[in-house]
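Peer 1: Sharing data-v1.cif (mmCIF, C-alpha atoms) below.
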```cif
data_my_file
loop_
_atom_site.label_atom_id
_atom_site.label_comp_id
_atom_site.auth_asym_id
_atom_site.auth_seq_id
_atom_site.Cartn_x
_atom_site.Cartn_y
_atom_site.Cartn_z
CA MET Y 1 158.43 104.14 139.99
CA ARG Y 2 160.43 101.31 138.47
CA ARG Y 3 161.01 101.53 134.79
CA ASP Y 4 162.81 99.02 132.61
CA ILE Y 5 164.25 101.56 130.21
CA GLN Y 6 166.42 99.05 128.41
CA LEU Y 7 163.29 97.07 127.55
CA ASP Y 8 161.98 100.21 125.85
CA ALA Y 9 165.18 100.11 123.80
CA LEU Y 10 164.41 96.50 122.84
CA ARG Y 11 161.02 97.62 121.57
CA ALA Y 12 162.74 100.30 119.49
CA ILE Y 13 165.21 97.81 118.03
CA ALA Y 14 162.47 95.30 117.25
CA VAL Y 15 160.22 97.82 115.52
CA THR Y 16 163.21 99.10 113.52
CA MET Y 17 163.74 95.53 112.34
CA VAL Y 18 160.13 95.48 111.19
CA MET Y 19 160.39 98.76 109.30
CA TYR Y 20 163.66 97.69 107.72
CA SER Y 21 162.09 94.46 106.47
CA HIS Y 22 158.97 96.19 105.18
CA PHE Y 23 160.48 99.37 103.76
CA PHE Y 24 164.09 98.65 102.83
CA ALA Y 25 165.23 95.02 102.63
CA ALA Y 26 166.20 94.08 99.09
CA GLY Y 27 164.66 91.04 97.49
CA GLY Y 28 161.86 90.77 100.00
CA SER Y 29 164.11 89.48 102.81
CA SER Y 30 162.19 88.95 106.04
CA PHE Y 31 165.15 87.92 108.19
CA TRP Y 32 165.23 90.88 110.55
CA GLY Y 33 161.47 91.10 110.69
CA HIS Y 34 161.35 87.48 111.80
CA ILE Y 35 163.78 88.19 114.63
CA GLY Y 36 161.77 91.25 115.62
CA VAL Y 37 158.46 89.44 115.88
CA ARG Y 38 159.90 86.66 118.03
CA LEU Y 39 161.54 89.22 120.30
CA PHE Y 40 158.26 91.08 120.75
CA PHE Y 41 156.39 87.95 121.75
CA VAL Y 42 159.03 86.90 124.28
CA LEU Y 43 159.04 90.42 125.71
CA SER Y 44 155.26 90.45 125.91
CA GLY Y 45 155.03 87.15 127.75
CA PHE Y 46 157.71 88.25 130.22
CA LEU Y 47 156.24 91.65 131.06
CA ILE Y 48 152.63 90.56 131.38
CA THR Y 49 153.52 87.61 133.60
CA ARG Y 50 155.88 89.59 135.80
CA LEU Y 51 153.30 92.34 136.19
CA LEU Y 52 150.62 89.90 137.35
CA LEU Y 53 152.97 88.03 139.67
CA GLU Y 54 153.98 91.28 141.34
CA ALA Y 55 150.33 92.14 141.91
CA ARG Y 56 149.68 88.66 143.28
CA SER Y 57 152.56 88.99 145.75
CA ALA Y 58 151.00 92.00 147.48
CA ALA Y 59 149.30 91.43 150.83
CA GLU Y 60 146.25 93.38 149.63
CA PHE Y 61 145.86 91.35 146.43
CA GLU Y 62 142.38 90.26 145.37
CA THR Y 63 141.86 88.28 142.18
CA ALA Y 64 138.70 89.93 140.82
CA PRO Y 65 139.89 93.56 141.17
CA ALA Y 66 143.29 92.67 139.72
CA LEU Y 67 141.71 91.01 136.68
CA ARG Y 68 139.34 93.91 136.18
CA SER Y 69 142.20 96.41 136.36
CA PHE Y 70 144.29 94.35 133.96
CA TYR Y 71 141.62 94.27 131.25
CA ILE Y 72 140.72 97.95 131.69
CA ARG Y 73 144.35 99.02 131.53
CA ARG Y 74 144.97 96.89 128.46
CA ALA Y 75 141.88 98.37 126.80
CA LEU Y 76 143.03 101.93 127.54
CA ARG Y 77 146.44 101.23 126.04
CA ILE Y 78 145.52 99.16 123.02
CA PHE Y 79 141.98 99.86 121.87
CA PRO Y 80 141.87 103.64 121.09
CA PRO Y 81 144.57 103.75 118.37
CA TYR Y 82 143.62 100.29 117.12
CA PHE Y 83 140.00 101.19 116.49
CA ALA Y 84 141.03 104.60 115.18
CA VAL Y 85 142.97 102.78 112.47
CA LEU Y 86 139.98 100.57 111.68
CA GLY Y 87 137.75 103.65 111.56
CA PHE Y 88 140.07 105.40 109.11
CA VAL Y 89 140.33 102.32 106.91
CA TRP Y 90 136.53 101.98 106.89
CA LEU Y 91 136.04 105.67 106.13
CA VAL Y 92 138.26 105.70 103.05
CA ASN Y 93 137.91 101.96 102.25
CA LEU Y 94 141.68 101.78 102.01
CA GLU Y 95 142.73 98.94 99.70
CA GLN Y 96 139.09 97.73 99.61
CA SER Y 97 139.31 96.61 103.24
CA ARG Y 98 135.75 97.14 104.47
CA GLY Y 99 134.65 93.58 103.90
CA SER Y 100 137.00 92.17 106.54
CA LEU Y 101 136.71 94.84 109.24
CA VAL Y 102 134.38 92.84 111.48
CA TRP Y 103 137.01 90.12 111.83
CA HIS Y 104 139.69 92.67 112.70
CA ALA Y 105 137.42 94.47 115.14
CA LEU Y 106 136.91 91.18 116.98
CA TYR Y 107 140.66 90.52 117.05
CA LEU Y 108 140.32 87.55 114.74
CA SER Y 109 142.66 88.83 112.04
CA ASN Y 110 144.88 85.76 112.27
CA PHE Y 111 141.90 83.49 111.60
CA TRP Y 112 140.74 85.70 108.70
CA PHE Y 113 144.04 85.36 106.86
CA ALA Y 114 144.55 81.72 107.82
CA LEU Y 115 141.13 80.64 106.53
CA ARG Y 116 141.71 82.38 103.20
CA ASN Y 117 145.38 81.47 102.94
CA GLU Y 118 146.22 84.86 101.46
CA TRP Y 119 147.19 88.32 102.75
CA THR Y 120 144.12 90.22 101.58
CA PRO Y 121 143.62 93.05 102.42
CA TRP Y 122 147.36 93.57 102.78
CA VAL Y 123 147.01 96.91 104.54
CA LEU Y 124 145.50 95.15 107.59
CA ALA Y 125 147.63 92.01 107.45
CA HIS Y 126 149.84 93.29 110.28
CA LEU Y 127 146.91 93.03 112.70
CA TRP Y 128 147.29 89.24 112.90
CA SER Y 129 149.93 89.54 115.62
CA LEU Y 130 147.83 91.94 117.67
CA SER Y 131 145.06 89.36 117.49
CA ILE Y 132 147.46 86.73 118.84
CA GLU Y 133 148.35 89.08 121.69
CA GLU Y 134 144.73 89.83 122.51
CA GLN Y 135 143.84 86.14 122.53
CA PHE Y 136 146.79 85.62 124.88
CA TYR Y 137 145.61 88.46 127.14
CA ILE Y 138 142.18 86.90 127.53
CA VAL Y 139 143.43 83.58 128.88
CA TRP Y 140 146.86 84.08 130.42
CA PRO Y 141 145.93 86.48 133.29
CA LEU Y 142 143.38 83.93 134.49
CA ILE Y 143 146.10 81.27 134.61
CA VAL Y 144 148.70 83.45 136.34
CA LEU Y 145 146.30 84.79 138.96
CA LEU Y 146 144.31 81.62 139.66
CA ALA Y 147 146.69 78.70 139.22
CA PRO Y 148 148.77 77.53 142.20
CA LEU Y 149 152.06 79.39 142.16
CA ARG Y 150 154.04 76.17 142.40
CA ARG Y 151 152.42 75.00 139.15
CA LEU Y 152 153.13 78.04 137.01
CA GLN Y 153 156.55 76.92 135.83
CA SER Y 154 155.14 73.54 134.79
CA ILE Y 155 152.28 75.26 132.99
CA CYS Y 156 154.70 77.48 131.03
CA ILE Y 157 156.82 74.48 130.05
CA GLY Y 158 153.68 72.59 129.05
CA VAL Y 159 152.54 75.44 126.79
CA ILE Y 160 155.97 75.56 125.14
CA LEU Y 161 155.94 71.82 124.53
CA LEU Y 162 152.38 72.00 123.17
CA SER Y 163 153.42 74.73 120.75
CA LEU Y 164 156.45 72.75 119.63
CA SER Y 165 154.31 69.64 119.17
CA TYR Y 166 151.88 71.68 117.08
CA ARG Y 167 154.67 72.29 114.57
CA PHE Y 168 155.01 68.56 113.93
CA TYR Y 169 151.36 68.31 112.88
CA TRP Y 170 151.64 70.16 109.58
CA PRO Y 171 153.65 67.63 107.52
CA ILE Y 172 150.92 65.10 108.33
CA ALA Y 173 147.93 67.39 107.86
CA GLY Y 174 149.15 69.19 104.76
CA SER Y 175 147.09 72.24 105.75
CA PRO Y 176 147.57 75.70 104.19
CA ASP Y 177 150.81 77.48 105.01
CA LEU Y 178 149.20 80.52 106.64
CA ALA Y 179 147.13 78.37 108.97
CA ARG Y 180 150.36 76.72 110.04
CA ASP Y 181 151.84 80.07 110.98
CA LEU Y 182 148.92 82.18 112.17
CA LEU Y 183 146.85 79.99 114.47
CA PRO Y 184 147.54 80.79 118.15
CA PRO Y 185 149.70 77.74 119.03
CA ALA Y 186 152.31 78.85 116.49
CA SER Y 187 153.23 81.83 118.70
CA MET Y 188 152.61 80.40 122.15
CA ASP Y 189 156.16 79.05 122.49
CA ALA Y 190 157.61 82.58 122.36
CA LEU Y 191 154.97 84.05 124.66
CA ALA Y 192 155.31 81.20 127.14
CA SER Y 193 159.12 81.41 127.04
CA GLY Y 194 158.90 85.01 128.20
CA ALA Y 195 156.37 83.99 130.84
CA LEU Y 196 158.67 81.19 132.03
CA LEU Y 197 161.46 83.74 132.46
CA ALA Y 198 159.18 85.88 134.66
CA VAL Y 199 158.22 82.88 136.79
CA TYR Y 200 161.85 81.79 137.11
CA ARG Y 201 162.84 85.30 138.15
CA THR Y 202 160.57 85.10 141.21
CA ARG Y 203 163.12 82.65 142.66
CA THR Y 204 166.46 83.88 141.36
CA ALA Y 205 167.97 86.43 139.00
CA VAL Y 206 170.64 83.98 137.81
CA LEU Y 207 169.79 82.18 134.59
CA PRO Y 208 170.29 78.42 134.37
CA GLN Y 209 173.81 77.43 133.39
CA TRP Y 210 172.72 75.63 130.24
CA LEU Y 211 171.02 78.82 129.04
CA ARG Y 212 173.95 81.09 129.87
CA LEU Y 213 176.43 78.77 128.16
CA GLY Y 214 174.29 77.42 125.36
CA TRP Y 215 172.57 80.45 123.87
CA PRO Y 216 175.54 81.55 121.67
CA THR Y 217 175.60 78.13 120.00
CA LEU Y 218 171.85 78.28 119.33
CA ALA Y 219 172.15 81.81 117.95
CA ALA Y 220 175.03 80.79 115.69
CA ALA Y 221 173.08 77.78 114.42
CA PHE Y 222 170.14 80.06 113.60
CA PHE Y 223 172.27 82.51 111.61
CA ILE Y 224 174.04 79.72 109.75
CA LEU Y 225 170.75 78.08 108.83
CA GLN Y 226 169.29 81.40 107.75
CA TRP Y 227 172.22 82.62 105.66
CA LEU Y 228 174.32 79.63 104.62
CA ALA Y 229 172.07 76.57 104.44
CA PRO Y 230 171.01 75.56 100.90
CA THR Y 231 167.45 75.93 99.72
CA PRO Y 232 165.38 72.92 100.86
CA ALA Y 233 165.04 70.32 98.12
CA ASN Y 234 161.70 68.88 99.21
CA PRO Y 235 158.77 69.64 101.53
CA VAL Y 236 160.17 67.58 104.40
CA GLN Y 237 163.43 69.53 104.38
CA GLU Y 238 161.52 72.80 104.07
CA TRP Y 239 159.43 71.90 107.09
CA GLY Y 240 162.55 71.00 109.07
CA ARG Y 241 164.20 74.29 108.21
CA TRP Y 242 161.07 76.23 109.18
CA LEU Y 243 160.87 74.34 112.46
CA LEU Y 244 164.47 75.12 113.38
CA LEU Y 245 164.16 78.78 112.39
CA GLU Y 246 161.21 79.10 114.76
CA VAL Y 247 162.78 77.27 117.70
CA LEU Y 248 166.49 78.17 117.64
CA PRO Y 249 166.04 81.92 118.43
CA LEU Y 250 163.94 81.34 121.56
CA ALA Y 251 166.74 80.81 124.08
CA PRO Y 252 168.91 83.69 122.77
CA LEU Y 253 165.93 86.05 122.83
CA VAL Y 254 165.08 85.03 126.39
CA VAL Y 255 168.66 85.86 127.38
CA VAL Y 256 168.41 89.26 125.68
CA VAL Y 257 165.19 90.10 127.54
CA ALA Y 258 166.60 88.80 130.83
CA SER Y 259 169.78 90.86 130.45
CA CYS Y 260 167.97 94.09 129.61
CA SER Y 261 165.45 93.64 132.41
CA SER Y 262 168.35 93.35 134.86
CA GLY Y 263 170.23 96.21 133.22
CA ILE Y 264 173.25 95.88 130.94
CA GLY Y 265 176.27 97.96 131.87
CA GLY Y 266 179.16 99.39 129.88
CA TYR Y 267 178.98 100.80 126.38
CA ARG Y 268 176.12 98.44 125.43
CA GLY Y 269 174.04 99.72 128.31
CA ARG Y 270 174.79 103.33 127.40
CA PHE Y 271 173.70 102.62 123.85
CA LEU Y 272 170.44 101.03 125.04
CA GLU Y 273 169.72 104.10 127.15
CA LEU Y 274 170.19 106.67 124.39
CA PRO Y 275 167.22 109.11 124.52
CA PRO Y 276 166.27 108.71 120.81
CA LEU Y 277 166.15 104.94 121.20
CA LEU Y 278 163.99 105.18 124.31
CA ALA Y 279 161.69 107.68 122.64
CA LEU Y 280 161.20 105.31 119.71
CA GLY Y 281 160.46 102.51 122.15
CA ARG Y 282 157.72 104.56 123.80
CA VAL Y 283 155.92 105.13 120.50
CA SER Y 284 156.68 101.71 119.03
CA TYR Y 285 153.09 100.49 119.29
CA GLY Y 286 151.96 103.37 117.11
CA VAL Y 287 154.86 102.83 114.71
CA TYR Y 288 153.81 99.24 114.22
CA LEU Y 289 150.11 99.98 114.04
CA TYR Y 290 150.32 102.85 111.57
CA HIS Y 291 153.22 101.86 109.32
CA PRO Y 292 151.28 99.86 106.64
CA ILE Y 293 148.60 102.58 106.52
CA VAL Y 294 151.24 105.25 106.04
CA LEU Y 295 153.02 103.11 103.44
CA SER Y 296 149.86 102.74 101.39
CA LEU Y 297 149.33 106.51 101.38
CA VAL Y 298 153.00 107.20 100.61
CA VAL Y 299 153.00 104.84 97.62
CA MET Y 300 149.83 106.47 96.32
CA SER Y 301 151.65 109.81 96.59
CA GLN Y 302 154.57 108.69 94.40
CA PRO Y 303 153.84 111.25 91.62
CA TRP Y 304 154.53 114.04 94.13
CA VAL Y 305 157.46 112.42 95.95
CA PRO Y 306 160.94 113.01 94.45
CA LEU Y 307 162.33 109.73 95.84
CA ASN Y 308 161.36 106.22 94.75
CA VAL Y 309 158.84 105.01 97.32
CA SER Y 310 157.14 102.45 95.09
CA GLU Y 311 159.83 99.82 95.71
CA GLN Y 312 161.89 98.54 98.60
CA GLY Y 313 164.93 100.72 99.20
CA PRO Y 314 166.35 103.81 100.90
CA GLY Y 315 163.75 106.16 99.40
CA ARG Y 316 160.85 104.19 100.79
CA PHE Y 317 162.59 103.68 104.14
CA LEU Y 318 163.36 107.40 104.48
CA VAL Y 319 159.97 108.77 103.41
CA ALA Y 320 157.61 106.13 104.78
CA GLY Y 321 159.72 105.64 107.91
CA THR Y 322 159.84 109.35 108.69
CA ALA Y 323 156.12 109.78 108.03
CA THR Y 324 155.35 106.81 110.28
CA LEU Y 325 157.46 108.23 113.11
CA ILE Y 326 155.71 111.58 112.83
CA VAL Y 327 152.24 110.04 112.87
CA ALA Y 328 153.12 107.75 115.77
CA SER Y 329 154.65 110.60 117.80
CA VAL Y 330 151.65 112.87 117.30
CA SER Y 331 149.33 110.01 118.16
CA TRP Y 332 151.26 109.30 121.37
CA LEU Y 333 151.43 112.92 122.55
CA PHE Y 334 147.88 114.00 121.82
CA PHE Y 335 145.85 110.79 121.78
CA GLU Y 336 147.45 107.77 123.43
CA LYS Y 337 149.34 109.39 126.32
CA PRO Y 338 146.33 111.26 127.78
CA LEU Y 339 144.26 108.08 127.67
CA ASN Y 340 147.15 106.04 129.02
CA SER Y 341 147.32 108.31 132.06
CA LEU Y 342 143.86 107.11 133.08
CA LYS Y 343 145.39 103.78 134.06
CA ARG Y 344 146.39 105.31 137.38
CA HIS Y 345 142.74 105.02 138.40
CA PHE Y 346 142.89 101.24 138.00
CA PRO Y 347 145.73 99.86 140.17
CA TYR Y 348 146.20 96.12 140.30
CA VAL Y 349 146.20 96.24 144.08
CA ALA Y 350 144.02 98.82 145.79
CA PRO Y 351 146.10 100.74 148.37
CA THR Y 352 144.91 100.79 151.94
CA ALA Y 353 145.94 102.99 154.82
CA GLY Y 354 149.58 102.26 155.64
CA ALA Y 355 149.85 99.57 152.97
CA VAL Y 356 152.95 99.30 150.86
CA ILE Y 357 152.52 98.02 147.33
CA PRO Y 358 155.51 96.20 145.81
CA ALA Y 359 157.54 98.34 143.47
CA GLY Y 360 156.15 98.41 139.98
CA VAL Y 361 152.70 97.02 140.70
CA LYS Y 362 150.87 100.23 139.97
CA THR Y 363 153.06 101.55 137.23
CA GLN Y 364 154.78 98.79 135.33
CA ASP Y 365 152.92 97.78 132.24
CA ALA Y 366 153.69 95.76 129.21
CA GLY Y 367 153.33 98.58 126.73
CA TRP Y 368 153.50 97.48 123.16
CA ARG Y 369 155.12 94.43 121.76
CA GLY Y 370 155.13 95.08 118.27
CA ARG Y 371 155.42 92.54 115.46
CA THR Y 372 155.83 92.21 111.89
CA ALA Y 373 153.21 92.24 109.23
CA GLY Y 374 152.42 90.21 106.17
CA ALA Y 375 150.77 91.29 102.98
CA ARG Y 376 150.05 90.71 99.35
CA PHE Y 377 149.48 93.85 97.35
CA ASN Y 378 146.49 94.11 95.10
CA GLY Y 379 144.88 96.69 92.89
CA PRO Y 380 146.73 99.83 91.81
CA LEU Y 381 149.86 99.00 93.81
CA ASP Y 382 150.53 95.70 92.04
CA GLY Y 383 153.83 95.58 90.18
CA ARG Y 384 155.29 98.54 92.02
CA THR Y 385 155.22 96.77 95.38
CA SER Y 386 155.45 93.06 94.63
CA SER Y 387 158.77 92.62 96.46
CA LEU Y 388 157.31 94.22 99.59
CA ALA Y 389 154.28 91.96 99.35
CA ARG Y 390 156.48 88.87 99.31
CA ASN Y 391 158.54 90.32 102.13
CA LEU Y 392 155.55 91.04 104.33
CA ALA Y 393 154.11 87.57 103.77
CA ARG Y 394 157.38 85.86 104.62
CA THR Y 395 157.99 88.04 107.66
CA ASP Y 396 154.60 87.12 109.05
CA ARG Y 397 155.51 83.45 109.23
CA SER Y 398 156.58 83.52 112.84
#
```
Turn this file's structure into structure tokens for me.
Peer 2:
Amino acid sequence: MRRDIQLDALRAIAVTMVMYSHFFAAGGSSFWGHIGVRLFFVLSGFLITRLLLEARSAAEFETAPALRSFYIRRALRIFPPYFAVLGFVWLVNLEQSRGSLVWHALYLSNFWFALRNEWTPWVLAHLWSLSIEEQFYIVWPLIVLLAPLRRLQSICIGVILLSLSYRFYWPIAGSPDLARDLLPPASMDALASGALLAVYRTRTAVLPQWLRLGWPTLAAAFFILQWLAPTPANPVQEWGRWLLLEVLPLAPLVVVVASCSSGIGGYRGRFLELPPLLALGRVSYGVYLYHPIVLSLVVMSQPWVPLNVSEQGPGRFLVAGTATLIVASVSWLFFEKPLNSLKRHFPYVAPTAGAVIPAGVKTQDAGWRGRTAGARFNGPLDGRTSSLARNLARTDRS
């Protein structure tokens, strides 16, 4: 069984960025959360596309069974904990969330928040990115498995260009900020960039020279713009800064995913293969899914908690982070893992007598690509959590 263990480490790093932004970062900074969400989308696009291309390359491949297996396997991995969270929120009406649950149950969270232009209810705001992923899952497998193979690279490039063009629409339209960030085209460039990497890898493992030589410059430009550039003086400059902050990280993140999928050696590779990091990567979907729920309960428990968990800082990061890891680990061991094991009954390519299935077709799966969340606190948490609310909202703009 082939296993990209260093990609598990990337999941761990990305979800740590999310927790740092949501639990610790002073002043509501969303910098690391922004990087994390873009990394997760690139990783998602790469793994899903590679998985489907491997299935398609098998001699025994049939489109209908492969599609059926894909959707069943995705449902087994994603739906049980997702709907368990919705069930818990409905049961206790956490943060008065019942009124929006139908939208979240239909994976339309991004449209719910975009139409209202506010992060209410904040405790479910993180589900917008899972909605983007689910909308991607519905359409993309059909394209990868049905389109002519020679056209896939052009399709990926076209989706990236469409997403980039979408960003130029907002200064003209003047539409609400959240709609600008949460509608599906806003994230398709990252997903399609990962997909393009998977398609490119079917021909060669060597990245294009411009990417190998140019990504450090793009990464440096992103950090300079993020940390050193002055605050935009007008809406046009603000839009330009937002556009660059979305686009500049794409190539560096593609290189990171490509490197880890091939395997990084030396001390960096040993770090990426540390057991605690890999363990966190395995439960990262649960960490992402549960962390706002746990945070809400932890903040409500402030009178009984000796550390300050009502504000961003080390106390919140330690208590809420530890509680989230415990909940996610228990969920994985006793809930998600047993259900996940059922995927073996739904291979992408049905084995036949004497048939050899390409390595990874039956076992490789995309796992979780976690993301960041956005929120605005309301009700009894107002005042104590305003910096986190601003942080969550900013982090979601990706």
Peer 1: Between Y:Arg203, Y:Arg56, Y:Arg180, Y:His22, single out the one closest to Arg316 of chain Y, counting all atoms listed in the file.
Peer 2: Y:His22
Peer 1: So what does the PyMOL selection byres ((chain Y and resi 252) around 10) actually pick up in this one, as a PDB file with C-alpha atoms, in the coordinates of the input?
Peer 2:
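That gives us expr15.pdb:
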```pdb
ATOM      1  CA  LEU Y  39     161.540  89.220 120.300  1.00  0.00           C
ATOM      2  CA  LEU Y 211     171.020  78.820 129.040  1.00  0.00           C
ATOM      3  CA  ARG Y 212     173.950  81.090 129.870  1.00  0.00           C
ATOM      4  CA  GLY Y 214     174.290  77.420 125.360  1.00  0.00           C
ATOM      5  CA  TRP Y 215     172.570  80.450 123.870  1.00  0.00           C
ATOM      6  CA  PRO Y 216     175.540  81.550 121.670  1.00  0.00           C
ATOM      7  CA  THR Y 217     175.600  78.130 120.000  1.00  0.00           C
ATOM      8  CA  LEU Y 218     171.850  78.280 119.330  1.00  0.00           C
ATOM      9  CA  ALA Y 219     172.150  81.810 117.950  1.00  0.00           C
ATOM     10  CA  ALA Y 220     175.030  80.790 115.690  1.00  0.00           C
ATOM     11  CA  PHE Y 222     170.140  80.060 113.600  1.00  0.00           C
ATOM     12  CA  LEU Y 248     166.490  78.170 117.640  1.00  0.00           C
ATOM     13  CA  PRO Y 249     166.040  81.920 118.430  1.00  0.00           C
ATOM     14  CA  LEU Y 250     163.940  81.340 121.560  1.00  0.00           C
ATOM     15  CA  ALA Y 251     166.740  80.810 124.080  1.00  0.00           C
ATOM     16  CA  LEU Y 253     165.930  86.050 122.830  1.00  0.00           C
ATOM     17  CA  VAL Y 254     165.080  85.030 126.390  1.00  0.00           C
ATOM     18  CA  VAL Y 255     168.660  85.860 127.380  1.00  0.00           C
ATOM     19  CA  VAL Y 256     168.410  89.260 125.680  1.00  0.00           C
ATOM     20  CA  VAL Y 257     165.190  90.100 127.540  1.00  0.00           C
ATOM     21  CA  ALA Y 258     166.600  88.800 130.830  1.00  0.00           C
TER      22      ALA Y 258
END
```
Peer 1: So, with all atoms listed in the file as the atoms that count, which of Y:Val305, Y:Leu130, Y:Leu53, Y:Ile157 lies closest to Leu196 of chain Y?
Peer 2: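 Distance minimum relative to Leu196 of chain Y lands on Y:Ile157.
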Peer 1: Quick check on the file I pasted: which residues fall under the PyMOL selection byres ((chain Y and resi 86) around 12)? Write them as a PyMOL selection string.
Peer 2: chain Y and resi 79-85+87-94+97-107+123-124+127+289-290+293
Peer 1: Measuring atom to atom with only C-alpha atoms, identify which of Y:Leu277, Y:Ala55, Y:Leu183, Y:Val327 is nearest to Gln6 of chain Y.
Peer 2: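 Nearest candidate to Gln6 of chain Y out of Y:Leu277, Y:Ala55, Y:Leu183, Y:Val327: Y:Leu277.
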Peer 1: Residues at most 9 Å from segment 45-51 of chain Y, counting all atoms listed in the file, excluding those fewer than 4 positions away in the same chain, as an MDAnalysis selection string?
Peer 2: chainID Y and resid 40:41 55:56 136:137 140:141 144 190:199 201:202 254 257:258 360:361 364:367
Peer 1: Nearest to Trp119 of chain Y among Y:Ala323, Y:Ile132, Y:Leu152, Y:Ala179, with distances taken over only C-alpha atoms: which residue is it?
Peer 2: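 Looking only at the distances to Trp119 of chain Y, the closest residue turns out to be Y:Ala179.
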Peer 1: Go through Y:Ala14, Y:Ala125, Y:Ile143, Y:Leu278 one by one, measure the shortest atom-to-atom distance of each to Glu95 of chain Y using all atoms listed in the file, and give the residue with the smallest value.
Peer 2: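 Among the listed residues, Y:Ala125 lies closest to Glu95 of chain Y.
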Peer 1: Can you list what the PyMOL selection byres ((chain Y and resi 286) around 9) grabs from this structure, as a short mmCIF file (atom, residue, chain, number, x, y, z; two decimals) with C-alpha atoms, in the frame of the given file?
Peer 2:
```cif
data_model
loop_
_atom_site.label_atom_id
_atom_site.label_comp_id
_atom_site.auth_asym_id
_atom_site.auth_seq_id
_atom_site.Cartn_x
_atom_site.Cartn_y
_atom_site.Cartn_z
CA PRO Y 81 144.57 103.75 118.37
CA TYR Y 82 143.62 100.29 117.12
CA ARG Y 282 157.72 104.56 123.80
CA VAL Y 283 155.92 105.13 120.50
CA SER Y 284 156.68 101.71 119.03
CA TYR Y 285 153.09 100.49 119.29
CA VAL Y 287 154.86 102.83 114.71
CA TYR Y 288 153.81 99.24 114.22
CA LEU Y 289 150.11 99.98 114.04
CA TYR Y 290 150.32 102.85 111.57
CA HIS Y 291 153.22 101.86 109.32
CA THR Y 324 155.35 106.81 110.28
CA LEU Y 325 157.46 108.23 113.11
CA VAL Y 327 152.24 110.04 112.87
CA ALA Y 328 153.12 107.75 115.77
CA SER Y 329 154.65 110.60 117.80
CA SER Y 331 149.33 110.01 118.16
CA TRP Y 332 151.26 109.30 121.37
CA GLU Y 336 147.45 107.77 123.43
CA TRP Y 368 153.50 97.48 123.16
CA GLY Y 370 155.13 95.08 118.27
#
```
Peer 1: Which residue is closest to Ile138 of chain Y? Choose from Y:Leu207, Y:Leu67, Y:Ala279, Y:Leu182 and count only C-alpha atoms.
Peer 2: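 Under the stated criterion, the closest residue is Y:Leu67.
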Peer 1: Interatomic distance between atom CA of Glu62 of chain Y and atom CA of Leu145 of chain Y?
Peer 2: 9.3 Å
Peer 1: Fewer than 6 positions away in the same chain doesn't count, so skip those; otherwise give me all residues within 7 Å of Val349 of chain Y, counting all atoms listed in the file, as a list in words.
Peer 2: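 Result of the neighbour search: Ala55, Glu60, Phe61 and Ala66 of chain Y.
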Peer 1: Can you report as AutoDock Vina command-line options the centre and edge lengths in Å, to one decimal, of an axis-aligned box around the listed atoms of segment 303-317 of chain Y padded with 4 Å on each side?
Peer 2:
```
--center_x 160.1 --center_y 106.3 --center_z 97.9 --size_x 20.5 --size_y 23.5 --size_z 20.5
```
Peer 1: Which residues come within 8 Å of segment 227-243 of chain Y, counting all atoms listed in the file, excluding same-chain residues fewer than 3 positions away, as a ChimeraX atom specification?
Peer 2: /Y:167,171,223-224,246-247
Peer 1: One decimal, in Å: what's the spacing between atom CA of Leu76 of chain Y and atom CA of Val294 of chain Y?
Peer 2: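 Atom CA of Val294 of chain Y lies 23.3 Å from atom CA of Leu76 of chain Y.
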Peer 1: Could you jot down the atom CA of Ala26 of chain Y to atom CA of Gly313 of chain Y separation for me, Å, one decimal place?
Peer 2: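 Atom CA of Ala26 of chain Y sits 6.8 Å away from atom CA of Gly313 of chain Y.
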Peer 1: Got a sec: who's within 8 Å of segment 71-73 of chain Y, counting only C-alpha atoms, leaving out chain neighbours fewer than 4 positions off, as a list in words?
Peer 2: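 Contacts, with the query itself left out: Leu67, Arg77, Asn340, Lys343 and Phe346 of chain Y.
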Peer 1: Step by step: start from the point (163.7, 96.5, 106.6) in the file's coordinates, keep every protein, DNA or RNA residue that has an atom no farther than 10 Å from it, count all atoms listed in the file, and write the set as a PyMOL selection string.
Peer 2: chain Y and resi 15-26+28-33+312-314+317+388+391
Peer 1: Mind checking which residues fall within 9 Å of segment 265-272 of chain Y, counting all atoms listed in the file, ignoring those fewer than 6 positions away in the same chain, and posting them as a PyMOL selection string?
Peer 2: chain Y and resi 5-10+278
Peer 1: Suppose we keep C-alpha atoms; can you now write the selection as a PDB file, in the coordinates of the input?
Peer 2:
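File produced: selection.pdb:
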```pdb
ATOM      1  CA  ILE Y   5     164.250 101.560 130.210  1.00  0.00           C
ATOM      2  CA  GLN Y   6     166.420  99.050 128.410  1.00  0.00           C
ATOM      3  CA  LEU Y   7     163.290  97.070 127.550  1.00  0.00           C
ATOM      4  CA  ASP Y   8     161.980 100.210 125.850  1.00  0.00           C
ATOM      5  CA  ALA Y   9     165.180 100.110 123.800  1.00  0.00           C
ATOM      6  CA  LEU Y  10     164.410  96.500 122.840  1.00  0.00           C
ATOM      7  CA  LEU Y 278     163.990 105.180 124.310  1.00  0.00           C
TER       8      LEU Y 278
END
```
